[in-house]
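Coordinates as given in final12.txt (compact mmCIF, N, CA and C atoms and all ligand atoms):
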# COMPACT_ATOMS: atom_id res chain seq x y z
N MET A 20 79.35 73.04 132.39
CA MET A 20 79.33 74.26 131.56
C MET A 20 77.99 74.99 131.76
N THR A 21 78.04 76.25 132.06
CA THR A 21 76.81 77.04 132.17
C THR A 21 76.62 77.80 130.85
N SER A 22 75.50 78.49 130.72
CA SER A 22 75.27 79.18 129.45
C SER A 22 76.29 80.30 129.22
N ASP A 23 76.85 80.86 130.31
CA ASP A 23 77.88 81.89 130.15
C ASP A 23 79.11 81.34 129.44
N ASP A 24 79.35 80.05 129.62
CA ASP A 24 80.54 79.45 129.04
C ASP A 24 80.43 79.30 127.52
N LEU A 25 79.26 79.53 126.97
CA LEU A 25 79.07 79.38 125.53
C LEU A 25 79.52 80.62 124.77
N THR A 26 79.76 81.72 125.48
CA THR A 26 80.17 82.95 124.81
C THR A 26 81.63 83.25 125.14
N GLY A 27 82.41 83.48 124.07
CA GLY A 27 83.81 83.83 124.24
C GLY A 27 84.08 85.18 123.60
N ARG A 28 85.10 85.88 124.09
CA ARG A 28 85.46 87.18 123.51
C ARG A 28 86.97 87.29 123.36
N CYS A 29 87.39 88.11 122.38
CA CYS A 29 88.81 88.39 122.22
C CYS A 29 89.26 89.33 123.34
N LEU A 30 90.55 89.60 123.41
CA LEU A 30 91.10 90.44 124.49
C LEU A 30 90.43 91.80 124.57
N CYS A 31 90.20 92.43 123.43
CA CYS A 31 89.63 93.79 123.45
C CYS A 31 88.10 93.76 123.51
N GLY A 32 87.51 92.59 123.33
CA GLY A 32 86.06 92.46 123.44
C GLY A 32 85.28 92.76 122.16
N ALA A 33 85.99 93.11 121.08
CA ALA A 33 85.29 93.49 119.85
C ALA A 33 84.74 92.29 119.08
N VAL A 34 85.38 91.13 119.25
CA VAL A 34 84.91 89.92 118.54
C VAL A 34 84.26 88.98 119.56
N THR A 35 83.06 88.52 119.22
CA THR A 35 82.30 87.61 120.08
C THR A 35 82.10 86.28 119.36
N VAL A 36 82.26 85.19 120.10
CA VAL A 36 82.11 83.85 119.55
C VAL A 36 81.07 83.12 120.39
N GLU A 37 80.02 82.64 119.74
CA GLU A 37 78.96 81.92 120.48
C GLU A 37 78.88 80.48 120.00
N LEU A 38 79.17 79.56 120.92
CA LEU A 38 79.08 78.14 120.59
C LEU A 38 77.62 77.73 120.50
N PRO A 39 77.29 76.79 119.58
CA PRO A 39 75.90 76.34 119.45
C PRO A 39 75.46 75.50 120.65
N SER A 40 76.43 74.85 121.33
CA SER A 40 76.09 74.02 122.49
C SER A 40 77.34 73.84 123.33
N ALA A 41 77.15 73.34 124.54
CA ALA A 41 78.29 73.12 125.42
C ALA A 41 79.20 72.06 124.81
N MET A 42 80.49 72.30 124.83
CA MET A 42 81.43 71.28 124.39
C MET A 42 82.65 71.28 125.28
N ARG A 43 83.26 70.11 125.41
CA ARG A 43 84.38 69.96 126.34
C ARG A 43 85.66 69.53 125.66
N ASP A 44 85.53 68.86 124.49
CA ASP A 44 86.68 68.21 123.88
C ASP A 44 87.61 69.18 123.16
N VAL A 45 88.80 69.34 123.70
CA VAL A 45 89.79 70.21 123.09
C VAL A 45 90.72 69.38 122.22
N GLY A 46 90.97 69.88 121.01
CA GLY A 46 91.97 69.28 120.13
C GLY A 46 93.21 70.17 120.16
N VAL A 47 94.36 69.54 120.27
CA VAL A 47 95.63 70.29 120.29
C VAL A 47 96.34 70.03 118.98
N CYS A 48 96.73 71.10 118.28
CA CYS A 48 97.44 70.91 117.00
C CYS A 48 98.89 71.35 117.14
N HIS A 49 99.80 70.42 116.79
CA HIS A 49 101.24 70.69 116.90
C HIS A 49 101.85 71.01 115.53
N CYS A 50 101.04 71.28 114.49
CA CYS A 50 101.61 71.51 113.16
C CYS A 50 102.44 72.80 113.14
N ALA A 51 103.33 72.90 112.15
CA ALA A 51 104.25 74.03 112.08
C ALA A 51 103.50 75.36 111.95
N THR A 52 102.39 75.36 111.21
CA THR A 52 101.64 76.61 111.02
C THR A 52 101.04 77.08 112.34
N CYS A 53 100.48 76.14 113.11
CA CYS A 53 99.91 76.52 114.41
C CYS A 53 100.99 76.98 115.38
N LEU A 54 102.14 76.30 115.38
CA LEU A 54 103.23 76.72 116.27
C LEU A 54 103.68 78.13 115.93
N ASN A 55 103.78 78.40 114.64
CA ASN A 55 104.21 79.72 114.19
C ASN A 55 103.16 80.78 114.54
N TRP A 56 101.89 80.39 114.42
CA TRP A 56 100.77 81.30 114.65
C TRP A 56 100.63 81.67 116.13
N ASN A 57 100.84 80.66 117.00
CA ASN A 57 100.54 80.81 118.43
C ASN A 57 101.75 80.89 119.35
N SER A 58 102.95 80.66 118.81
CA SER A 58 104.13 80.44 119.66
C SER A 58 103.87 79.29 120.63
N GLY A 59 103.17 78.29 120.13
CA GLY A 59 102.85 77.11 120.93
C GLY A 59 101.80 76.35 120.17
N PRO A 60 101.41 75.17 120.63
CA PRO A 60 100.37 74.42 119.93
C PRO A 60 99.04 75.17 120.03
N TRP A 61 98.18 74.97 119.05
CA TRP A 61 96.87 75.63 119.09
C TRP A 61 95.87 74.70 119.73
N MET A 62 95.11 75.19 120.71
CA MET A 62 94.09 74.40 121.38
C MET A 62 92.72 74.91 120.94
N ALA A 63 91.92 73.98 120.42
CA ALA A 63 90.68 74.41 119.78
C ALA A 63 89.53 73.46 120.04
N LEU A 64 88.32 73.99 119.86
CA LEU A 64 87.09 73.20 119.92
C LEU A 64 86.57 73.07 118.50
N GLN A 65 86.23 71.85 118.07
CA GLN A 65 85.59 71.65 116.77
C GLN A 65 84.15 72.09 116.94
N ALA A 66 83.76 73.19 116.30
CA ALA A 66 82.47 73.78 116.62
C ALA A 66 81.76 74.33 115.39
N PRO A 67 81.34 73.43 114.45
CA PRO A 67 80.55 73.91 113.32
C PRO A 67 79.26 74.52 113.84
N GLY A 68 78.78 75.57 113.21
CA GLY A 68 77.55 76.21 113.66
C GLY A 68 77.80 77.33 114.66
N THR A 69 79.07 77.58 114.99
CA THR A 69 79.40 78.68 115.89
C THR A 69 79.15 80.00 115.19
N SER A 70 78.62 80.98 115.94
CA SER A 70 78.46 82.29 115.32
C SER A 70 79.59 83.20 115.80
N ILE A 71 80.23 83.85 114.83
CA ILE A 71 81.38 84.71 115.12
C ILE A 71 81.05 86.10 114.58
N SER A 72 81.13 87.13 115.44
CA SER A 72 80.80 88.47 114.96
C SER A 72 81.75 89.50 115.53
N GLY A 73 81.84 90.62 114.85
CA GLY A 73 82.70 91.71 115.30
C GLY A 73 83.34 92.40 114.11
N ASP A 74 83.35 93.74 114.15
CA ASP A 74 83.89 94.53 113.03
C ASP A 74 85.39 94.36 112.84
N THR A 75 86.08 93.93 113.89
CA THR A 75 87.54 93.85 113.79
C THR A 75 88.01 92.45 113.40
N LEU A 76 87.09 91.56 113.07
CA LEU A 76 87.47 90.20 112.66
C LEU A 76 88.16 90.25 111.30
N ALA A 77 89.36 89.71 111.24
CA ALA A 77 90.09 89.64 109.97
C ALA A 77 90.38 88.18 109.67
N VAL A 78 90.51 87.86 108.37
CA VAL A 78 90.73 86.48 107.97
C VAL A 78 92.00 86.41 107.13
N TYR A 79 92.87 85.47 107.48
CA TYR A 79 94.12 85.28 106.76
C TYR A 79 94.13 83.89 106.14
N ARG A 80 94.40 83.81 104.84
CA ARG A 80 94.46 82.52 104.15
C ARG A 80 95.84 81.91 104.43
N SER A 81 95.89 80.94 105.33
CA SER A 81 97.18 80.43 105.80
C SER A 81 97.73 79.29 104.96
N SER A 82 96.92 78.72 104.08
CA SER A 82 97.42 77.67 103.17
C SER A 82 96.46 77.59 101.99
N ALA A 83 96.76 76.68 101.06
CA ALA A 83 95.88 76.52 99.90
C ALA A 83 94.53 75.95 100.32
N PHE A 84 94.45 75.40 101.55
CA PHE A 84 93.23 74.73 101.98
C PHE A 84 92.47 75.43 103.09
N ALA A 85 93.17 76.27 103.85
CA ALA A 85 92.53 76.75 105.08
C ALA A 85 92.76 78.24 105.33
N GLU A 86 91.92 78.79 106.18
CA GLU A 86 92.08 80.18 106.58
C GLU A 86 91.90 80.31 108.09
N ARG A 87 92.47 81.38 108.64
CA ARG A 87 92.48 81.61 110.09
C ARG A 87 91.95 82.99 110.37
N GLY A 88 91.11 83.08 111.40
CA GLY A 88 90.52 84.36 111.77
C GLY A 88 91.16 84.89 113.05
N PHE A 89 91.28 86.21 113.12
CA PHE A 89 91.87 86.85 114.31
C PHE A 89 91.28 88.24 114.45
N CYS A 90 91.46 88.83 115.63
CA CYS A 90 91.00 90.20 115.82
C CYS A 90 92.11 91.15 115.41
N ARG A 91 91.80 92.04 114.47
CA ARG A 91 92.87 92.90 113.98
C ARG A 91 93.20 94.03 114.95
N GLN A 92 92.37 94.20 115.97
CA GLN A 92 92.65 95.23 116.96
C GLN A 92 93.56 94.72 118.09
N CYS A 93 93.26 93.53 118.61
CA CYS A 93 94.05 93.04 119.76
C CYS A 93 94.90 91.82 119.42
N GLY A 94 94.68 91.22 118.25
CA GLY A 94 95.52 90.10 117.82
C GLY A 94 95.08 88.73 118.30
N THR A 95 94.00 88.65 119.07
CA THR A 95 93.54 87.34 119.56
C THR A 95 93.20 86.41 118.40
N HIS A 96 93.66 85.16 118.50
CA HIS A 96 93.36 84.17 117.47
C HIS A 96 91.97 83.60 117.71
N ILE A 97 91.14 83.58 116.68
CA ILE A 97 89.73 83.22 116.85
C ILE A 97 89.38 81.86 116.26
N PHE A 98 89.70 81.63 114.98
CA PHE A 98 89.25 80.37 114.37
C PHE A 98 90.17 79.88 113.26
N HIS A 99 89.94 78.61 112.89
CA HIS A 99 90.57 77.98 111.72
C HIS A 99 89.44 77.27 110.98
N ARG A 100 89.44 77.35 109.66
CA ARG A 100 88.45 76.58 108.90
C ARG A 100 89.00 76.27 107.51
N PRO A 101 88.59 75.11 106.96
CA PRO A 101 88.98 74.81 105.59
C PRO A 101 88.23 75.75 104.64
N GLN A 102 88.84 76.00 103.47
CA GLN A 102 88.17 76.93 102.55
C GLN A 102 86.89 76.34 101.98
N ASP A 103 86.88 75.01 101.80
CA ASP A 103 85.59 74.43 101.43
C ASP A 103 85.24 73.31 102.39
N GLY A 104 84.40 73.63 103.32
CA GLY A 104 83.97 72.61 104.27
C GLY A 104 83.48 73.24 105.55
N PRO A 105 82.72 72.47 106.31
CA PRO A 105 82.09 73.01 107.52
C PRO A 105 82.93 72.86 108.78
N GLU A 106 84.16 72.34 108.69
CA GLU A 106 84.92 71.99 109.90
C GLU A 106 85.54 73.20 110.58
N LEU A 107 84.68 74.02 111.16
CA LEU A 107 85.16 75.21 111.87
C LEU A 107 85.70 74.81 113.25
N ALA A 108 86.88 75.35 113.58
CA ALA A 108 87.44 75.15 114.93
C ALA A 108 87.69 76.53 115.53
N VAL A 109 87.35 76.69 116.81
CA VAL A 109 87.55 77.99 117.46
C VAL A 109 88.50 77.82 118.64
N SER A 110 89.23 78.87 118.96
CA SER A 110 90.22 78.82 120.03
C SER A 110 89.57 78.47 121.36
N ALA A 111 90.09 77.44 122.02
CA ALA A 111 89.54 77.01 123.31
C ALA A 111 89.75 78.09 124.37
N GLY A 112 90.84 78.85 124.25
CA GLY A 112 91.18 79.86 125.25
C GLY A 112 90.20 81.02 125.31
N LEU A 113 89.30 81.13 124.33
CA LEU A 113 88.29 82.19 124.37
C LEU A 113 87.26 81.92 125.47
N PHE A 114 87.17 80.64 125.88
CA PHE A 114 86.14 80.23 126.84
C PHE A 114 86.80 79.98 128.20
N LEU A 115 86.98 81.06 128.93
CA LEU A 115 87.84 81.05 130.12
C LEU A 115 87.29 80.21 131.26
N HIS A 116 85.99 80.08 131.36
CA HIS A 116 85.43 79.40 132.53
C HIS A 116 84.81 78.05 132.19
N ALA A 117 85.02 77.59 130.95
CA ALA A 117 84.42 76.33 130.54
C ALA A 117 85.21 75.15 131.12
N ASP A 118 84.52 74.05 131.31
CA ASP A 118 85.12 72.84 131.86
C ASP A 118 85.63 71.99 130.70
N LEU A 119 86.86 72.22 130.30
CA LEU A 119 87.38 71.59 129.08
C LEU A 119 88.39 70.49 129.41
N HIS A 120 88.55 69.57 128.49
CA HIS A 120 89.63 68.58 128.65
C HIS A 120 90.23 68.26 127.28
N ILE A 121 91.48 67.85 127.27
CA ILE A 121 92.16 67.56 126.02
C ILE A 121 91.76 66.16 125.54
N ALA A 122 91.09 66.12 124.40
CA ALA A 122 90.60 64.84 123.86
C ALA A 122 91.60 64.24 122.87
N ARG A 123 92.26 65.11 122.09
CA ARG A 123 93.21 64.58 121.11
C ARG A 123 94.31 65.58 120.80
N GLU A 124 95.44 65.03 120.36
CA GLU A 124 96.55 65.84 119.87
C GLU A 124 96.83 65.41 118.44
N ILE A 125 96.88 66.39 117.53
CA ILE A 125 97.10 66.05 116.11
C ILE A 125 98.46 66.60 115.64
N PHE A 126 98.95 65.99 114.56
CA PHE A 126 100.30 66.28 114.05
C PHE A 126 101.32 66.10 115.17
N ILE A 127 101.14 65.01 115.92
CA ILE A 127 102.00 64.73 117.08
C ILE A 127 103.46 64.54 116.63
N ASP A 128 103.65 64.07 115.39
CA ASP A 128 105.02 63.87 114.89
C ASP A 128 105.71 65.20 114.56
N HIS A 129 104.96 66.32 114.57
CA HIS A 129 105.57 67.64 114.32
C HIS A 129 105.88 68.37 115.63
N LYS A 130 105.47 67.77 116.75
CA LYS A 130 105.66 68.44 118.04
C LYS A 130 107.16 68.57 118.33
N PRO A 131 107.62 69.80 118.64
CA PRO A 131 109.02 69.94 119.02
C PRO A 131 109.25 69.32 120.41
N PRO A 132 110.49 68.96 120.73
CA PRO A 132 110.74 68.24 121.99
C PRO A 132 110.67 69.09 123.26
N TYR A 133 110.58 70.41 123.14
CA TYR A 133 110.68 71.23 124.36
C TYR A 133 109.40 71.37 125.17
N TYR A 134 108.32 70.77 124.74
CA TYR A 134 107.11 70.75 125.58
C TYR A 134 106.36 69.44 125.34
N ARG A 135 105.49 69.09 126.26
CA ARG A 135 104.57 67.98 126.05
C ARG A 135 103.40 68.10 127.03
N PHE A 136 102.28 67.46 126.68
CA PHE A 136 101.10 67.49 127.52
C PHE A 136 101.02 66.20 128.33
N VAL A 137 100.54 66.32 129.56
CA VAL A 137 100.41 65.11 130.38
C VAL A 137 99.06 64.42 130.16
N ALA A 138 98.11 65.10 129.50
CA ALA A 138 96.78 64.52 129.29
C ALA A 138 96.89 63.20 128.53
N ASP A 139 96.10 62.24 128.94
CA ASP A 139 96.06 60.95 128.27
C ASP A 139 95.02 61.05 127.15
N SER A 140 95.47 61.44 125.96
CA SER A 140 94.53 61.71 124.87
C SER A 140 94.89 60.89 123.64
N GLU A 141 93.96 60.90 122.67
CA GLU A 141 94.22 60.25 121.38
C GLU A 141 95.33 61.03 120.66
N LYS A 142 96.30 60.33 120.07
CA LYS A 142 97.39 61.00 119.34
C LYS A 142 97.28 60.64 117.86
N ARG A 143 97.33 61.69 117.01
CA ARG A 143 97.24 61.46 115.57
C ARG A 143 98.50 62.00 114.88
N SER A 144 99.04 61.22 113.95
CA SER A 144 100.23 61.66 113.21
C SER A 144 99.81 62.41 111.95
N SER A 145 100.77 63.07 111.29
CA SER A 145 100.45 63.78 110.04
C SER A 145 99.99 62.79 108.98
N LEU A 146 100.54 61.57 108.99
CA LEU A 146 100.13 60.58 107.99
C LEU A 146 98.66 60.18 108.21
N SER A 147 98.27 59.96 109.47
CA SER A 147 96.88 59.57 109.71
C SER A 147 95.94 60.74 109.41
N MET A 148 96.39 62.00 109.63
CA MET A 148 95.57 63.16 109.28
C MET A 148 95.41 63.26 107.76
N ALA A 149 96.52 63.01 107.04
CA ALA A 149 96.47 63.08 105.57
C ALA A 149 95.52 62.01 105.01
N ARG A 150 95.57 60.82 105.60
CA ARG A 150 94.67 59.74 105.14
C ARG A 150 93.20 60.14 105.33
N GLU A 151 92.93 60.87 106.41
CA GLU A 151 91.55 61.28 106.66
C GLU A 151 91.14 62.45 105.75
N TRP A 152 92.07 63.41 105.57
CA TRP A 152 91.70 64.66 104.91
C TRP A 152 91.82 64.68 103.40
N LEU A 153 92.84 64.01 102.85
CA LEU A 153 93.05 64.12 101.40
C LEU A 153 91.85 63.66 100.59
N PRO A 154 91.26 62.47 100.89
CA PRO A 154 90.09 62.05 100.10
C PRO A 154 88.94 63.06 100.22
N ARG A 155 88.77 63.60 101.44
CA ARG A 155 87.69 64.57 101.66
C ARG A 155 87.91 65.84 100.83
N LEU A 156 89.16 66.35 100.84
CA LEU A 156 89.47 67.58 100.09
C LEU A 156 89.32 67.36 98.59
N LEU A 157 89.81 66.20 98.12
CA LEU A 157 89.74 65.92 96.68
C LEU A 157 88.29 65.79 96.24
N ARG A 158 87.47 65.12 97.07
CA ARG A 158 86.05 64.98 96.74
C ARG A 158 85.38 66.34 96.62
N ARG A 159 85.71 67.23 97.56
CA ARG A 159 85.09 68.56 97.53
C ARG A 159 85.56 69.38 96.32
N ARG A 160 86.87 69.31 96.04
CA ARG A 160 87.41 70.03 94.88
C ARG A 160 86.75 69.51 93.60
N ALA A 161 86.65 68.17 93.50
CA ALA A 161 86.04 67.57 92.31
C ALA A 161 84.58 67.99 92.22
N GLY A 162 83.89 67.99 93.37
CA GLY A 162 82.49 68.37 93.39
C GLY A 162 82.31 69.80 92.92
N ARG A 163 83.20 70.69 93.35
CA ARG A 163 83.10 72.10 92.96
C ARG A 163 83.38 72.27 91.47
N TRP A 164 84.38 71.51 90.98
CA TRP A 164 84.76 71.59 89.58
C TRP A 164 83.61 71.11 88.69
N MET A 165 82.96 70.00 89.11
CA MET A 165 81.81 69.49 88.36
C MET A 165 80.69 70.51 88.38
N GLY A 166 80.49 71.16 89.52
CA GLY A 166 79.45 72.17 89.64
C GLY A 166 79.68 73.32 88.69
N MET A 167 80.95 73.73 88.54
CA MET A 167 81.26 74.86 87.66
C MET A 167 81.04 74.51 86.20
N ARG A 168 81.18 73.24 85.86
CA ARG A 168 81.06 72.81 84.46
C ARG A 168 79.60 72.62 84.06
N ARG A 169 78.74 72.59 85.03
CA ARG A 169 77.35 72.30 84.73
C ARG A 169 76.69 73.44 83.97
ZN ZN B 201 90.01 92.06 119.89
ZN ZN B 202 97.81 73.14 113.13
Taking this structure as input, can you express it in the form of structure tokens?
Ligand SMILES: [Zn+2]
Ligand SMILES: [Zn+2]
Amino acid sequence: MTSDDLTGRCLCGAVTVELPSAMRDVGVCHCATCLNWNSGPWMALQAPGTSISGDTLAVYRSSAFAERGFCRQCGTHIFHRPQDGPELAVSAGLFLHADLHIAREIFIDHKPPYYRFVADSEKRSSLSMAREWLPRLLRRRAGRWMGMRR
């Protein structure tokens, strides 16, 4: 990866995404929301600390827990992030010349049968994702609630 590979842009060029450092590990999400959003699985880099700028950046709250960013001018999908938490993920496809590889596939049990990846990657089911995320989300919600009561 060269320094050029750290900067990604949407189709129209109005939104710019700058990674804090070179990264290679792509996560593929097969969940129903991502399939609906992308007409295919979403491929993303987990990249907290990424700077995202552009006047046409719009944010859509896609669930009670998360929101998704896109360019309202050209429609390019930019990011996904939980509403409370630092786990920002940005679209891998924004980085056209980066040397990327598929490290994991999540919500593998939601993957429809008409496609599959040949990459030999870690596979996570919705149950294993829920086991990881639910305690984290509840802790954050509880933390925020306690903060408000103080
Ligand atoms: Zn755009
Ligand atoms: Zn998803």
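If you look at CA of Ala83 in chain A and CA of Gln102 in chain A, they are 8.2 Å away from each other.
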Point to revise | Near-ligand residues for ligand ZN 201 (chain B), threshold 8 Å, only C-alpha atoms and all ligand atoms, as a VMD selection string | key: chain A and resid 28 to 34 75 to 76 89 to 95
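Compared by their closest atoms to Gly162 in chain A, and using only C-alpha atoms, the residues A:Gly104, A:Thr35, A:Arg80, A:Gly59 rank with A:Gly104 nearest.
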Exercise for review: Identify, on the basis of all atoms listed in the file, every residue whose closest approach to range 109-114 of chain A does not exceed 7 Å; exclude the query and any residue fewer than 3 positions from it along the same chain; express the result as a PyMOL selection string.
Suggested key: chain A and resi 24-29+45+61-66+96-99+117
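Each of A:Arg87, A:Pro105, A:Ile125, A:Ala41 was checked against ligand ZN 202 (chain B) using all atoms listed in the file; the smallest atom-to-atom distance is that of A:Ile125.
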What residues of the protein or nucleic acid chains come within 5 Å of ligand ZN 202 (chain B) when you use all atoms listed in the file? Reply as a PDB file with N, CA and C atoms, keeping the file's coordinate frame.
ATOM      1  N   CYS A  48      96.730  71.100 118.280  1.00  0.00           N
ATOM      2  CA  CYS A  48      97.440  70.910 117.000  1.00  0.00           C
ATOM      3  C   CYS A  48      98.890  71.350 117.140  1.00  0.00           C
ATOM      4  N   HIS A  49      99.800  70.420 116.790  1.00  0.00           N
ATOM      5  CA  HIS A  49     101.240  70.690 116.900  1.00  0.00           C
ATOM      6  C   HIS A  49     101.850  71.010 115.530  1.00  0.00           C
ATOM      7  N   CYS A  50     101.040  71.280 114.490  1.00  0.00           N
ATOM      8  CA  CYS A  50     101.610  71.510 113.160  1.00  0.00           C
ATOM      9  C   CYS A  50     102.440  72.800 113.140  1.00  0.00           C
ATOM     10  N   CYS A  53     100.480  76.140 113.110  1.00  0.00           N
ATOM     11  CA  CYS A  53      99.910  76.520 114.410  1.00  0.00           C
ATOM     12  C   CYS A  53     100.990  76.980 115.380  1.00  0.00           C
TER      13      CYS A  53
END
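In terms of minimum interatomic distance to Ile121 in chain A, A:Asp139 ranks closest within A:Glu37, A:Asp103, A:Glu151, A:Asp139, counting only N, CA and C atoms.
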Exercise for review: Please give the complete set of residues from chain A that DSSP, run on the backbone, assigns to strand (DSSP E or B), formatted as an MDAnalysis selection string.
Suggested key: chainID A and resid 26:28 35:37 44:48 61:65 70:72 76:80 85:90 96:101 108:110 120:125 141:142
Practice item. Name the residues of chain A that come out as alpha helix (DSSP H) in a backbone DSSP run; write them as a PyMOL selection string. Key: chain A and resi 51-57+145-168
Practice item. Compare A:Ala77, A:Leu153, A:Val36, A:Gly46 by their minimum atom-to-atom distance to Glu124 in chain A, counting only N, CA and C atoms, and give me the closest one. Key: A:Gly46
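If you look at atom C of Ser147 in chain A and atom N of Arg123 in chain A, they are 13.9 Å away from each other.
Between CA of Ser145 in chain A and CA of Asp118 in chain A the separation is 28.2 Å.
Minimum atom-to-atom distances from A:Met148, A:Ala161, A:Leu119, A:Ala108 to Met42 in chain A were compared using only C-alpha atoms, and the lowest value belongs to A:Leu119.
When all atoms listed in the file are used to measure the gap to Glu86 in chain A, the shortest distance among A:Pro131, A:Thr52, A:Arg100, A:Thr69 belongs to A:Arg100.
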Using all heavy atoms, give me range 104-111 of chain A from the structure I just pasted, as a PDB file, in the first residue's frame.
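Output (decode-v5.pdb):
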ATOM      1  N   GLY A 104     -20.417   4.201  19.725  1.00  0.00           N
ATOM      2  CA  GLY A 104     -19.224   3.370  19.702  1.00  0.00           C
ATOM      3  C   GLY A 104     -18.288   3.804  18.603  1.00  0.00           C
ATOM      4  O   GLY A 104     -18.691   4.496  17.685  1.00  0.00           O
ATOM      5  N   PRO A 105     -17.035   3.394  18.725  1.00  0.00           N
ATOM      6  CA  PRO A 105     -16.009   3.851  17.784  1.00  0.00           C
ATOM      7  C   PRO A 105     -15.834   2.943  16.570  1.00  0.00           C
ATOM      8  O   PRO A 105     -14.951   3.206  15.758  1.00  0.00           O
ATOM      9  CB  PRO A 105     -14.746   3.809  18.655  1.00  0.00           C
ATOM     10  CG  PRO A 105     -14.993   2.668  19.591  1.00  0.00           C
ATOM     11  CD  PRO A 105     -16.493   2.597  19.822  1.00  0.00           C
ATOM     12  N   GLU A 106     -16.650   1.887  16.423  1.00  0.00           N
ATOM     13  CA  GLU A 106     -16.383   0.876  15.383  1.00  0.00           C
ATOM     14  C   GLU A 106     -16.803   1.327  13.994  1.00  0.00           C
ATOM     15  O   GLU A 106     -17.739   0.813  13.409  1.00  0.00           O
ATOM     16  CB  GLU A 106     -17.075  -0.447  15.736  1.00  0.00           C
ATOM     17  CG  GLU A 106     -16.509  -1.130  16.950  1.00  0.00           C
ATOM     18  CD  GLU A 106     -17.233  -0.721  18.224  1.00  0.00           C
ATOM     19  OE1 GLU A 106     -18.047   0.231  18.175  1.00  0.00           O
ATOM     20  OE2 GLU A 106     -16.982  -1.344  19.267  1.00  0.00           O
ATOM     21  N   LEU A 107     -16.073   2.295  13.472  1.00  0.00           N
ATOM     22  CA  LEU A 107     -16.362   2.798  12.126  1.00  0.00           C
ATOM     23  C   LEU A 107     -15.826   1.822  11.078  1.00  0.00           C
ATOM     24  O   LEU A 107     -14.695   1.362  11.161  1.00  0.00           O
ATOM     25  CB  LEU A 107     -15.690   4.162  11.954  1.00  0.00           C
ATOM     26  CG  LEU A 107     -15.793   4.802  10.578  1.00  0.00           C
ATOM     27  CD1 LEU A 107     -17.214   5.276  10.297  1.00  0.00           C
ATOM     28  CD2 LEU A 107     -14.823   5.976  10.482  1.00  0.00           C
ATOM     29  N   ALA A 108     -16.662   1.525  10.075  1.00  0.00           N
ATOM     30  CA  ALA A 108     -16.213   0.712   8.936  1.00  0.00           C
ATOM     31  C   ALA A 108     -16.467   1.515   7.667  1.00  0.00           C
ATOM     32  O   ALA A 108     -17.506   2.163   7.537  1.00  0.00           O
ATOM     33  CB  ALA A 108     -16.972  -0.612   8.894  1.00  0.00           C
ATOM     34  N   VAL A 109     -15.500   1.494   6.750  1.00  0.00           N
ATOM     35  CA  VAL A 109     -15.660   2.251   5.502  1.00  0.00           C
ATOM     36  C   VAL A 109     -15.606   1.286   4.317  1.00  0.00           C
ATOM     37  O   VAL A 109     -14.965   0.234   4.381  1.00  0.00           O
ATOM     38  CB  VAL A 109     -14.581   3.356   5.349  1.00  0.00           C
ATOM     39  CG1 VAL A 109     -14.747   4.406   6.438  1.00  0.00           C
ATOM     40  CG2 VAL A 109     -13.178   2.780   5.367  1.00  0.00           C
ATOM     41  N   SER A 110     -16.280   1.654   3.245  1.00  0.00           N
ATOM     42  CA  SER A 110     -16.361   0.793   2.064  1.00  0.00           C
ATOM     43  C   SER A 110     -14.977   0.511   1.491  1.00  0.00           C
ATOM     44  O   SER A 110     -14.225   1.439   1.171  1.00  0.00           O
ATOM     45  CB  SER A 110     -17.212   1.459   0.979  1.00  0.00           C
ATOM     46  OG  SER A 110     -18.541   1.590   1.404  1.00  0.00           O
ATOM     47  N   ALA A 111     -14.657  -0.772   1.327  1.00  0.00           N
ATOM     48  CA  ALA A 111     -13.346  -1.154   0.789  1.00  0.00           C
ATOM     49  C   ALA A 111     -13.197  -0.689  -0.661  1.00  0.00           C
ATOM     50  O   ALA A 111     -12.100  -0.346  -1.107  1.00  0.00           O
ATOM     51  CB  ALA A 111     -13.178  -2.668   0.879  1.00  0.00           C
TER      52      ALA A 111
END
